[in-house]
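Peer 1: Okay, so here is input36.pdb, and as you'll see once you scroll down, it has PDB, C-alpha atoms.
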```
ATOM      1  CA  MET A   1       8.468  -4.227   2.794
ATOM      2  CA  GLY A   2       7.422  -1.786   0.093
ATOM      3  CA  LEU A   3       6.212  -2.957  -3.224
ATOM      4  CA  GLY A   4       8.516  -0.974  -5.389
ATOM      5  CA  SER A   5       8.414   2.337  -7.087
ATOM      6  CA  PRO A   6       8.427   1.755 -10.874
ATOM      7  CA  ARG A   7       5.892   4.199 -12.204
ATOM      8  CA  HIS A   8       5.013   2.691 -15.507
ATOM      9  CA  ALA A   9       2.357   0.125 -16.087
ATOM     10  CA  ALA A  10       3.554  -3.293 -17.170
ATOM     11  CA  ALA A  11       2.321  -5.091 -20.286
ATOM     12  CA  PRO A  12      -0.944  -6.989 -19.885
ATOM     13  CA  VAL A  13      -0.655 -10.639 -18.873
ATOM     14  CA  GLU A  14      -3.092 -13.290 -17.697
ATOM     15  CA  LEU A  15      -3.327 -12.673 -13.973
ATOM     16  CA  ARG A  16      -3.389 -15.413 -11.388
ATOM     17  CA  SER A  17      -6.408 -15.659  -9.158
ATOM     18  CA  ALA A  18      -5.763 -15.104  -5.442
ATOM     19  CA  SER A  19      -7.265 -18.521  -4.812
ATOM     20  CA  ALA A  20      -5.085 -20.285  -7.398
ATOM     21  CA  GLY A  21      -2.765 -22.799  -5.839
ATOM     22  CA  ARG A  22      -4.889 -23.256  -2.735
ATOM     23  CA  LEU A  23      -5.582 -26.892  -2.023
ATOM     24  CA  GLY A  24      -9.308 -26.324  -1.617
ATOM     25  CA  THR A  25      -9.560 -24.589  -4.976
ATOM     26  CA  TRP A  26      -7.605 -27.371  -6.637
ATOM     27  CA  MET A  27      -9.836 -30.026  -5.063
ATOM     28  CA  ARG A  28     -13.018 -28.211  -6.132
ATOM     29  CA  ALA A  29     -11.698 -27.879  -9.658
ATOM     30  CA  LEU A  30     -10.833 -31.577  -9.680
ATOM     31  CA  LEU A  31     -14.267 -32.590  -8.441
ATOM     32  CA  ARG A  32     -16.220 -30.135 -10.555
ATOM     33  CA  ARG A  33     -14.772 -30.171 -14.018
ATOM     34  CA  GLY A  34     -17.668 -28.097 -15.273
ATOM     35  CA  ALA A  35     -17.267 -25.401 -12.614
ATOM     36  CA  PRO A  36     -17.231 -21.804 -13.910
ATOM     37  CA  ARG A  37     -13.893 -20.048 -13.996
ATOM     38  CA  ALA A  38     -12.930 -16.400 -14.371
ATOM     39  CA  ARG A  39      -9.946 -15.174 -16.335
ATOM     40  CA  VAL A  40      -8.429 -11.703 -16.363
ATOM     41  CA  VAL A  41      -5.784 -10.184 -18.618
ATOM     42  CA  ALA A  42      -4.403  -6.890 -17.315
ATOM     43  CA  PRO A  43      -1.108  -5.260 -16.297
ATOM     44  CA  ARG A  44       0.396  -6.655 -13.106
ATOM     45  CA  ARG A  45       1.120  -3.086 -11.994
ATOM     46  CA  ILE A  46      -0.594   0.166 -12.745
ATOM     47  CA  ALA A  47       0.170   3.753 -11.788
ATOM     48  CA  LEU A  48      -2.181   6.124  -9.999
ATOM     49  CA  GLY A  49      -4.042   8.238 -12.537
ATOM     50  CA  ALA A  50      -3.406   5.752 -15.358
ATOM     51  CA  ALA A  51      -6.027   4.073 -17.535
ATOM     52  CA  LEU A  52      -6.455   0.440 -16.568
ATOM     53  CA  THR A  53      -7.694  -1.795 -19.383
ATOM     54  CA  VAL A  54      -8.945  -5.210 -18.320
ATOM     55  CA  GLU A  55      -9.911  -8.092 -20.559
ATOM     56  CA  TRP A  56     -12.063 -10.462 -18.586
ATOM     57  CA  GLY A  57     -13.906 -13.648 -19.312
ATOM     58  CA  ILE A  58     -15.901 -16.361 -17.615
ATOM     59  CA  ASP A  59     -15.879 -19.937 -18.862
ATOM     60  CA  CYS A  60     -19.201 -21.375 -17.794
ATOM     61  CA  PRO A  61     -20.026 -24.758 -19.338
ATOM     62  CA  ALA A  62     -23.489 -24.715 -17.742
ATOM     63  CA  GLY A  63     -24.325 -21.444 -19.511
ATOM     64  CA  ASN A  64     -26.072 -20.108 -16.411
ATOM     65  CA  VAL A  65     -24.367 -16.733 -15.959
ATOM     66  CA  THR A  66     -27.076 -14.145 -15.345
ATOM     67  CA  SER A  67     -24.949 -11.127 -14.407
ATOM     68  CA  VAL A  68     -21.289 -10.145 -14.211
ATOM     69  CA  ARG A  69     -19.575  -7.336 -12.355
ATOM     70  CA  VAL A  70     -15.882  -6.518 -12.701
ATOM     71  CA  THR A  71     -14.323  -4.055 -10.242
ATOM     72  CA  LEU A  72     -10.971  -2.714  -9.133
ATOM     73  CA  VAL A  73     -10.946  -2.926  -5.352
ATOM     74  CA  GLY A  74      -8.499  -1.411  -2.863
ATOM     75  CA  HIS A  75      -8.381  -2.925   0.616
ATOM     76  CA  GLU A  76      -6.772  -2.015   3.889
ATOM     77  CA  ILE A  77      -5.663  -5.158   5.691
ATOM     78  CA  ALA A  78      -4.577  -5.218   9.350
ATOM     79  CA  ARG A  79      -3.204  -8.388  10.900
ATOM     80  CA  GLN A  80      -3.078  -9.381  14.522
ATOM     81  CA  ARG A  81      -0.960 -12.212  15.865
ATOM     82  CA  LEU A  82      -2.614 -14.068  18.702
ATOM     83  CA  SER A  83      -0.689 -16.496  20.851
ATOM     84  CA  ALA A  84      -2.498 -19.592  22.021
ATOM     85  CA  ARG A  85      -1.574 -23.008  23.324
ATOM     86  CA  THR A  86      -1.908 -24.386  19.854
ATOM     87  CA  GLY A  87       0.482 -21.841  18.376
ATOM     88  CA  ILE A  88       0.342 -18.387  16.880
ATOM     89  CA  HIS A  89      -2.783 -17.499  14.950
ATOM     90  CA  VAL A  90      -2.963 -14.578  12.581
ATOM     91  CA  VAL A  91      -6.309 -12.806  12.455
ATOM     92  CA  SER A  92      -6.797 -10.427   9.532
ATOM     93  CA  LYS A  93      -9.319  -7.640   9.168
ATOM     94  CA  ALA A  94      -9.951  -6.104   5.766
ATOM     95  CA  SER A  95     -11.838  -2.992   4.758
ATOM     96  CA  ALA A  96     -12.443  -1.836   1.187
ATOM     97  CA  PHE A  97     -11.670   1.828   0.596
ATOM     98  CA  THR A  98     -12.115   1.995  -3.192
ATOM     99  CA  ILE A  99     -14.426   0.062  -5.486
ATOM    100  CA  LEU A 100     -14.115   1.150  -9.091
ATOM    101  CA  GLU A 101     -16.564  -0.503 -11.448
ATOM    102  CA  LEU A 102     -15.089  -1.629 -14.751
ATOM    103  CA  ALA A 103     -18.045  -3.600 -16.107
ATOM    104  CA  ARG A 104     -21.561  -4.643 -15.218
ATOM    105  CA  VAL A 105     -23.314  -6.825 -17.776
ATOM    106  CA  ALA A 106     -26.282  -9.163 -18.019
ATOM    107  CA  PRO A 107     -25.414 -11.780 -20.646
ATOM    108  CA  GLU A 108     -27.973 -13.613 -22.724
ATOM    109  CA  ARG A 109     -29.089 -16.950 -21.314
ATOM    110  CA  GLY A 110     -27.124 -20.016 -22.333
ATOM    111  CA  GLN A 111     -23.798 -18.319 -23.092
ATOM    112  CA  ARG A 112     -20.920 -20.598 -22.186
ATOM    113  CA  VAL A 113     -18.308 -17.885 -22.500
ATOM    114  CA  VAL A 114     -18.914 -14.345 -21.338
ATOM    115  CA  TYR A 115     -16.208 -11.796 -21.905
ATOM    116  CA  GLY A 116     -15.485  -8.113 -22.212
ATOM    117  CA  ARG A 117     -12.779  -5.489 -22.446
ATOM    118  CA  ASP A 118     -13.214  -2.411 -20.288
ATOM    119  CA  THR A 119     -11.166   0.560 -19.177
ATOM    120  CA  ALA A 120     -11.286   2.761 -16.112
ATOM    121  CA  THR A 121      -8.959   5.394 -14.711
ATOM    122  CA  VAL A 122      -7.241   4.582 -11.437
ATOM    123  CA  PRO A 123      -7.851   7.478  -9.011
ATOM    124  CA  ARG A 124      -4.927   9.869  -8.690
ATOM    125  CA  ARG A 125      -5.419  10.493  -4.967
ATOM    126  CA  THR A 126      -5.543   7.140  -3.278
ATOM    127  CA  MET A 127      -3.109   4.716  -1.665
ATOM    128  CA  THR A 128      -0.479   2.724  -3.499
ATOM    129  CA  SER A 129       0.140  -0.903  -2.632
ATOM    130  CA  PHE A 130       2.387  -1.717   0.287
ATOM    131  CA  ALA A 131       2.802  -4.750   2.491
ATOM    132  CA  GLY A 132       4.236  -4.849   5.980
ATOM    133  CA  ALA A 133       4.230  -7.654   8.513
ATOM    134  CA  TYR A 134       1.064  -6.267  10.132
ATOM    135  CA  ASN A 135      -0.458  -3.785   7.751
ATOM    136  CA  GLU A 136      -1.090  -3.859   4.041
ATOM    137  CA  ILE A 137      -2.743  -1.953   1.225
ATOM    138  CA  ALA A 138      -3.784  -4.487  -1.408
ATOM    139  CA  TRP A 139      -5.450  -3.997  -4.795
ATOM    140  CA  ALA A 140      -7.226  -6.554  -6.923
ATOM    141  CA  ILE A 141      -9.458  -6.908  -9.945
ATOM    142  CA  VAL A 142     -12.546  -8.744  -8.724
ATOM    143  CA  VAL A 143     -14.859 -10.720 -11.003
ATOM    144  CA  GLU A 144     -18.282 -11.584  -9.604
ATOM    145  CA  ALA A 145     -20.959 -13.534 -11.436
ATOM    146  CA  ASP A 146     -24.438 -14.659 -10.498
ATOM    147  CA  LEU A 147     -25.113 -18.203 -11.656
ATOM    148  CA  GLY A 148     -28.826 -18.583 -11.200
ATOM    149  CA  ALA A 149     -29.563 -21.172  -8.552
ATOM    150  CA  ALA A 150     -25.876 -22.133  -8.182
ATOM    151  CA  PRO A 151     -23.582 -20.355  -5.695
ATOM    152  CA  PRO A 152     -22.171 -17.130  -7.150
ATOM    153  CA  LEU A 153     -18.661 -16.962  -8.538
ATOM    154  CA  ARG A 154     -16.212 -14.488  -6.998
ATOM    155  CA  GLU A 155     -12.553 -14.448  -7.973
ATOM    156  CA  SER A 156      -9.939 -11.899  -7.069
ATOM    157  CA  PHE A 157      -6.830 -11.121  -9.164
ATOM    158  CA  PRO A 158      -4.206  -9.116  -7.247
ATOM    159  CA  ILE A 159      -2.402  -6.244  -8.949
ATOM    160  CA  VAL A 160       0.070  -3.668  -7.663
ATOM    161  CA  VAL A 161      -0.771   0.032  -7.702
ATOM    162  CA  VAL A 162       2.302   2.287  -7.811
ATOM    163  CA  PRO A 163       2.765   6.051  -7.572
ATOM    164  CA  GLY A 164       1.927   8.037 -10.664
ATOM    165  CA  PRO A 165       3.496  11.136 -12.149
ATOM    166  CA  HIS A 166       2.866  14.272 -10.110
ATOM    167  CA  ALA A 167       1.825  17.617 -11.508
TER     168      ALA A 167
ATOM    169  CA  MET B   1      26.346  14.527  36.040
ATOM    170  CA  LYS B   2      24.118  13.330  33.241
ATOM    171  CA  PRO B   3      25.198  14.628  29.819
ATOM    172  CA  ALA B   4      22.822  17.139  28.218
ATOM    173  CA  TYR B   5      21.556  16.739  24.668
ATOM    174  CA  GLU B   6      19.664  19.534  23.001
ATOM    175  CA  LEU B   7      18.550  18.571  19.523
ATOM    176  CA  SER B   8      16.130  20.323  17.228
ATOM    177  CA  LEU B   9      14.889  20.289  13.654
ATOM    178  CA  GLU B  10      13.552  23.301  11.789
ATOM    179  CA  LEU B  11      11.965  22.808   8.395
ATOM    180  CA  GLU B  12      12.264  25.484   5.726
ATOM    181  CA  ASN B  13       9.397  27.998   6.035
ATOM    182  CA  GLY B  14       7.838  25.729   8.660
ATOM    183  CA  VAL B  15       6.377  23.546   5.908
ATOM    184  CA  THR B  16       5.633  20.003   7.054
ATOM    185  CA  ALA B  17       3.535  18.648   4.144
ATOM    186  CA  PHE B  18       5.091  17.663   0.816
ATOM    187  CA  GLU B  19       4.451  16.074  -2.540
ATOM    188  CA  PRO B  20       5.934  12.579  -3.045
ATOM    189  CA  GLY B  21       9.422  12.909  -4.487
ATOM    190  CA  GLY B  22       9.532  16.507  -3.243
ATOM    191  CA  ARG B  23      12.379  18.437  -1.672
ATOM    192  CA  LEU B  24      12.599  18.901   2.076
ATOM    193  CA  ALA B  25      15.080  21.452   3.405
ATOM    194  CA  GLY B  26      15.800  22.527   6.933
ATOM    195  CA  ILE B  27      18.332  23.062   9.653
ATOM    196  CA  ALA B  28      19.447  20.532  12.238
ATOM    197  CA  SER B  29      20.694  22.106  15.459
ATOM    198  CA  TRP B  30      22.349  20.509  18.417
ATOM    199  CA  SER B  31      24.222  21.288  21.570
ATOM    200  CA  VAL B  32      25.640  18.390  23.537
ATOM    201  CA  SER B  33      27.811  18.121  26.598
ATOM    202  CA  ALA B  34      29.111  14.602  25.904
ATOM    203  CA  PRO B  35      31.282  13.331  23.066
ATOM    204  CA  LEU B  36      29.289  12.399  19.981
ATOM    205  CA  ALA B  37      29.964   9.280  17.969
ATOM    206  CA  GLY B  38      27.893  10.778  15.180
ATOM    207  CA  LEU B  39      24.624  12.403  14.181
ATOM    208  CA  GLU B  40      22.105  11.127  11.691
ATOM    209  CA  LEU B  41      18.949  12.322  10.033
ATOM    210  CA  ARG B  42      16.485   9.466   9.668
ATOM    211  CA  LEU B  43      13.404   9.599   7.524
ATOM    212  CA  LYS B  44      11.007   6.848   8.497
ATOM    213  CA  TRP B  45       7.416   5.781   8.141
ATOM    214  CA  ILE B  46       5.308   3.930  10.640
ATOM    215  CA  SER B  47       2.150   2.060   9.775
ATOM    216  CA  ARG B  48      -0.128   1.394  12.727
ATOM    217  CA  GLY B  49      -3.002  -1.031  12.628
ATOM    218  CA  HIS B  50      -5.163  -2.786  15.149
ATOM    219  CA  GLY B  51      -2.717  -5.681  15.419
ATOM    220  CA  GLY B  52       0.660  -4.003  15.347
ATOM    221  CA  ARG B  53       2.932  -1.557  13.639
ATOM    222  CA  ASP B  54       5.357  -1.710  10.772
ATOM    223  CA  LEU B  55       8.294   0.653  10.698
ATOM    224  CA  LYS B  56      10.753   1.346   7.939
ATOM    225  CA  ILE B  57      13.658   3.767   7.768
ATOM    226  CA  ALA B  58      13.398   5.069   4.218
ATOM    227  CA  ASP B  59      16.542   7.184   4.263
ATOM    228  CA  THR B  60      19.474   7.895   6.562
ATOM    229  CA  ILE B  61      21.773  10.874   6.158
ATOM    230  CA  VAL B  62      24.940  10.885   8.203
ATOM    231  CA  LEU B  63      26.021  14.338   9.387
ATOM    232  CA  PRO B  64      29.792  13.969   9.408
ATOM    233  CA  GLN B  65      32.178  15.332  12.046
ATOM    234  CA  PRO B  66      29.645  17.062  14.262
ATOM    235  CA  LEU B  67      30.879  19.727  16.663
ATOM    236  CA  ALA B  68      29.500  19.963  20.204
ATOM    237  CA  THR B  69      27.274  22.853  19.202
ATOM    238  CA  GLU B  70      26.226  23.448  15.632
ATOM    239  CA  ARG B  71      23.467  24.400  13.182
ATOM    240  CA  ARG B  72      23.674  22.487   9.960
ATOM    241  CA  PRO B  73      21.432  22.870   6.891
ATOM    242  CA  PHE B  74      20.207  19.810   5.044
ATOM    243  CA  ILE B  75      18.209  18.934   1.941
ATOM    244  CA  LEU B  76      16.410  15.635   1.348
ATOM    245  CA  THR B  77      14.615  14.228  -1.665
ATOM    246  CA  LEU B  78      11.509  12.557  -0.331
ATOM    247  CA  PRO B  79      10.402   9.082  -1.429
ATOM    248  CA  GLU B  80       7.468   8.415  -3.746
ATOM    249  CA  ALA B  81       5.583   6.120  -1.390
ATOM    250  CA  PRO B  82       3.898   5.075   0.783
ATOM    251  CA  PHE B  83       1.688   8.114   1.140
ATOM    252  CA  SER B  84       0.644   9.450   4.515
ATOM    253  CA  CYS B  85      -2.831   8.125   5.160
ATOM    254  CA  GLU B  86      -5.574   7.628   7.700
ATOM    255  CA  GLY B  87      -7.817   4.659   7.151
ATOM    256  CA  ALA B  88     -10.446   2.622   8.893
ATOM    257  CA  LEU B  89      -7.938  -0.046   9.929
ATOM    258  CA  LEU B  90      -4.498   1.465   9.508
ATOM    259  CA  SER B  91      -2.535   4.667   9.200
ATOM    260  CA  VAL B  92       0.801   5.600   7.648
ATOM    261  CA  ARG B  93       2.767   8.459   9.163
ATOM    262  CA  TRP B  94       6.162   9.877   8.269
ATOM    263  CA  GLN B  95       8.723  11.286  10.654
ATOM    264  CA  LEU B  96      12.067  13.007  10.280
ATOM    265  CA  GLU B  97      14.415  12.426  13.198
ATOM    266  CA  LEU B  98      17.707  13.894  14.267
ATOM    267  CA  VAL B  99      19.516  11.190  16.214
ATOM    268  CA  ALA B 100      22.612  11.618  18.402
ATOM    269  CA  LEU B 101      24.804   8.518  18.509
ATOM    270  CA  PRO B 102      25.556   6.360  20.350
ATOM    271  CA  VAL B 103      22.899   7.303  22.903
ATOM    272  CA  GLU B 104      20.041   7.548  20.379
ATOM    273  CA  GLU B 105      18.795  10.826  21.826
ATOM    274  CA  LYS B 106      16.293  12.200  19.295
ATOM    275  CA  ALA B 107      14.407  15.196  18.074
ATOM    276  CA  SER B 108      11.663  14.503  15.587
ATOM    277  CA  VAL B 109       9.153  16.268  13.399
ATOM    278  CA  ALA B 110       6.076  14.694  11.835
ATOM    279  CA  ILE B 111       5.679  15.306   8.117
ATOM    280  CA  THR B 112       3.067  14.479   5.501
ATOM    281  CA  ILE B 113       4.005  12.966   2.140
ATOM    282  CA  ALA B 114       1.074  12.621  -0.255
ATOM    283  CA  PRO B 115      -0.298  14.010  -3.528
ATOM    284  CA  ASP B 116      -1.372  17.638  -3.095
ATOM    285  CA  ALA B 117       0.580  17.531   0.197
ATOM    286  CA  GLN B 118      -2.522  16.245   1.997
ATOM    287  CA  ALA B 119      -2.748  12.882   3.724
ATOM    288  CA  ILE B 120      -5.005  10.381   2.002
ATOM    289  CA  VAL B 121      -8.170   9.565   3.892
ATOM    290  CA  LEU B 122      -9.409   6.040   3.238
ATOM    291  CA  GLY B 123     -13.115   5.704   3.773
ATOM    292  CA  ALA B 124     -14.569   2.338   4.674
ATOM    293  CA  LEU B 125     -16.988   0.997   2.059
ATOM    294  CA  PRO B 126     -19.485  -1.837   2.405
ATOM    295  CA  ALA B 127     -17.790  -5.234   2.324
ATOM    296  CA  VAL B 128     -17.268  -6.790  -1.099
TER     297      VAL B 128
END
```
Can I see the file as structure tokens?
Peer 2:
Amino acid sequence: MGLGSPRHAAAPVELRSASAGRLGTWMRALLRRGAPRARVVAPRRIALGAALTVEWGIDCPAGNVTSVRVTLVGHEIARQRLSARTGIHVVSKASAFTILELARVAPERGQRVVYGRDTATVPRRTMTSFAGAYNEIAWAIVVEADLGAAPPLRESFPIVVVPGPHA
Amino acid sequence: MKPAYELSLELENGVTAFEPGGRLAGIASWSVSAPLAGLELRLKWISRGHGGRDLKIADTIVLPQPLATERRPFILTLPEAPFSCEGALLSVRWQLELVALPVEEKASVAITIAPDAQAIVLGALPAV
């Protein structure tokens, strides 16, 4: 149920988007080869109070990125199982309790690749990740980009926040 | 006649809030009129949300060969996580229980495990 107790941050790796592997995402990517895509390189786990360095980038063949915001977001998630004739449905509610801004940039027009490397300190007094059957604390690095007239891009890259060293 | 179970937990200096990984000491006391199969200390956390609750026993300490009436000191090393918290959608609370077996009669005390020995309060922010 818990998500482990190792205190030390892992080495940075390219993180997988929360939407990766979903059929809809795969279909959209197949149909829209030129669709923008966010990438994030960061540790999979980070300790409270530690410095989190994130390398992020957006591949945007249309060159229409007008602004980018990268944040570390902590969410509470509560699930409810509802029984119905058609089966059991799970309804989730989520509420953000921490939004830590890592980057906010306005790239020059026409850039096909926008990237950056930014660092922020994870708060020392906040919740670590945990996941139960009904309740969960989840953390993610979120990349949001405005694309002019096109729908905005928003991709979420889950990471695990673990306890840090105590004074 | 129904057997009587008197169980109680006293924490050292009455302290109920601790740092993660901290030391919890106290005395378990009991007086029972029926034979005991055993006594256990259980440290557990319960997360409650709008849809249900998750419960996990983080540690169990067996108190061997209990007498019918006894006061027994104990020391526990507390876990690192999850922290006690109160949020917009869920809470996490810790409890130490003294459990008489096999009847599962219990005495319990609520404790806080969090940095600075204060439960984390999660404020709701605008949706992102």
Peer 1: How many Å separate atom CA of Ser92 of chain A from atom CA of Thr112 of chain B?
Peer 2: 27.1 Å
Peer 1: Since I can't run it myself right now, could you work out what the PyMOL selection byres ((chain B and resi 89) around 9) selects here and report it as a list in words?
Peer 2: Glu76, Ile77, Ala78, Lys93, Ala94, Ser95 and Asn135 of chain A; Arg48, Gly49, His50, Glu86, Gly87, Ala88, Leu90, Ser91 and Ala124 of chain B
Peer 1: Go ahead and save the picked residues with C-alpha atoms, as a PDB file, in the coordinates of the input.
Peer 2:
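out35.pdb was written with the following content:
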```pdb
ATOM      1  CA  GLU A  76      -6.772  -2.015   3.889  1.00  0.00           C
ATOM      2  CA  ILE A  77      -5.663  -5.158   5.691  1.00  0.00           C
ATOM      3  CA  ALA A  78      -4.577  -5.218   9.350  1.00  0.00           C
ATOM      4  CA  LYS A  93      -9.319  -7.640   9.168  1.00  0.00           C
ATOM      5  CA  ALA A  94      -9.951  -6.104   5.766  1.00  0.00           C
ATOM      6  CA  SER A  95     -11.838  -2.992   4.758  1.00  0.00           C
ATOM      7  CA  ASN A 135      -0.458  -3.785   7.751  1.00  0.00           C
TER       8      ASN A 135
ATOM      9  CA  ARG B  48      -0.128   1.394  12.727  1.00  0.00           C
ATOM     10  CA  GLY B  49      -3.002  -1.031  12.628  1.00  0.00           C
ATOM     11  CA  HIS B  50      -5.163  -2.786  15.149  1.00  0.00           C
ATOM     12  CA  GLU B  86      -5.574   7.628   7.700  1.00  0.00           C
ATOM     13  CA  GLY B  87      -7.817   4.659   7.151  1.00  0.00           C
ATOM     14  CA  ALA B  88     -10.446   2.622   8.893  1.00  0.00           C
ATOM     15  CA  LEU B  90      -4.498   1.465   9.508  1.00  0.00           C
ATOM     16  CA  SER B  91      -2.535   4.667   9.200  1.00  0.00           C
ATOM     17  CA  ALA B 124     -14.569   2.338   4.674  1.00  0.00           C
TER      18      ALA B 124
END
```
Peer 1: In Å to one decimal, how far is atom CA of Leu24 of chain B from atom CA of Val121 of chain B?
Peer 2: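 Computing it gives 22.8 Å between the two atoms.
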Peer 1: Which residue out of B:Ala34, B:Leu122, B:Val62, B:Ile75 has the minimum interatomic distance to Glu10 of chain B when all atoms listed in the file are used?
Peer 2: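 Closest to Glu10 of chain B, using all atoms listed in the file: B:Ile75.
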Peer 1: Between B:Ile57, B:Ala119, B:Leu67, B:Ser47, which residue has the minimum interatomic distance to Ile137 of chain A, considering only C-alpha atoms?
Peer 2: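 Going through B:Ile57, B:Ala119, B:Leu67, B:Ser47 one by one, the smallest distance to Ile137 of chain A is for B:Ser47.
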Peer 1: For atom CA of Arg39 of chain A and atom CA of Ala149 of chain A, quote the distance in Å rounded to one decimal.
Peer 2: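 Between these atoms lies a distance of 21.9 Å.
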Peer 1: Using all atoms listed in the file, I'd like every residue of chain A that has an atom within 8 Å of chain B; please write them out as a PyMOL selection string.
Peer 2: chain A and resi 1-2+5+76-81+93-98+125-130+132-135+163+166
Peer 1: Where does the PyMOL selection byres ((chain A and resi 63-73) around 7) land in this file, that is, which residues does it pick, as an mmCIF file with C-alpha atoms, in the coordinates of the input?
Peer 2:
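Dumped everything to expr-v8.cif:
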```
data_model
loop_
_atom_site.group_PDB
_atom_site.id
_atom_site.type_symbol
_atom_site.label_atom_id
_atom_site.label_comp_id
_atom_site.auth_asym_id
_atom_site.auth_seq_id
_atom_site.Cartn_x
_atom_site.Cartn_y
_atom_site.Cartn_z
ATOM 1 C CA CYS A 60 -19.201 -21.375 -17.794
ATOM 2 C CA PRO A 61 -20.026 -24.758 -19.338
ATOM 3 C CA ALA A 62 -23.489 -24.715 -17.742
ATOM 4 C CA GLY A 74 -8.499 -1.411 -2.863
ATOM 5 C CA HIS A 75 -8.381 -2.925 0.616
ATOM 6 C CA ALA A 96 -12.443 -1.836 1.187
ATOM 7 C CA THR A 98 -12.115 1.995 -3.192
ATOM 8 C CA ILE A 99 -14.426 0.062 -5.486
ATOM 9 C CA LEU A 100 -14.115 1.150 -9.091
ATOM 10 C CA GLU A 101 -16.564 -0.503 -11.448
ATOM 11 C CA LEU A 102 -15.089 -1.629 -14.751
ATOM 12 C CA ALA A 103 -18.045 -3.600 -16.107
ATOM 13 C CA ARG A 104 -21.561 -4.643 -15.218
ATOM 14 C CA VAL A 105 -23.314 -6.825 -17.776
ATOM 15 C CA ALA A 106 -26.282 -9.163 -18.019
ATOM 16 C CA PRO A 107 -25.414 -11.780 -20.646
ATOM 17 C CA ARG A 109 -29.089 -16.950 -21.314
ATOM 18 C CA GLY A 110 -27.124 -20.016 -22.333
ATOM 19 C CA GLN A 111 -23.798 -18.319 -23.092
ATOM 20 C CA ARG A 112 -20.920 -20.598 -22.186
ATOM 21 C CA TRP A 139 -5.450 -3.997 -4.795
ATOM 22 C CA ALA A 140 -7.226 -6.554 -6.923
ATOM 23 C CA ILE A 141 -9.458 -6.908 -9.945
ATOM 24 C CA VAL A 142 -12.546 -8.744 -8.724
ATOM 25 C CA VAL A 143 -14.859 -10.720 -11.003
ATOM 26 C CA GLU A 144 -18.282 -11.584 -9.604
ATOM 27 C CA ALA A 145 -20.959 -13.534 -11.436
ATOM 28 C CA ASP A 146 -24.438 -14.659 -10.498
ATOM 29 C CA LEU A 147 -25.113 -18.203 -11.656
ATOM 30 C CA GLY A 148 -28.826 -18.583 -11.200
#
```
Peer 1: Give me, as a list of chain:residue names, all polymer residues having an atom no more than 7 Å from Arg45 of chain A, counting all atoms listed in the file and skipping those fewer than 3 positions away in the same chain.
Peer 2: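 Here the qualifying residues turn out to be A:Ala9, A:Ala10, A:Ile159, A:Val160, A:Val161, A:Val162.
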Peer 1: Quick one: everything within 6 Å of segment 96-109 of chain B, counting only C-alpha atoms, minus sequence neighbours fewer than 4 positions away in the same chain. Send it as a ChimeraX atom specification.
Peer 2: /B:7-8,37-43
Peer 1: To verify the selection step, state as a PyMOL selection string which residues the PyMOL selection byres ((chain A and resi 121) around 8) yields on this input.
Peer 2: chain A and resi 49-52+119-120+122-123
Peer 1: Step by step: start from the point (23.8, 22.0, 4.8) in the file's coordinates, keep every protein, DNA or RNA residue that has an atom no farther than 12 Å from it, count only C-alpha atoms, and write the set as a PyMOL selection string.
Peer 2: chain B and resi 24-29+61-64+70-76
Peer 1: Which residues are near Arg37 of chain A? Cut-off 9 Å, all atoms listed in the file, ignore same chain within fewer than 5 positions. Put them as a list in words.
Peer 2: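 Residues near the query, excluding close chain neighbours: Gly57, Ile58, Asp59, Cys60, Leu153 and Glu155 of chain A.
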Peer 1: Compute the distance from (2.2, 21.4, 9.1) to each atom, counting all atoms listed in the file, keep the residues with any atom at most 12 Å away, and return them as a ChimeraX atom specification; use the coordinates of the file.
Peer 2: /B:10-18,109-113,117-119
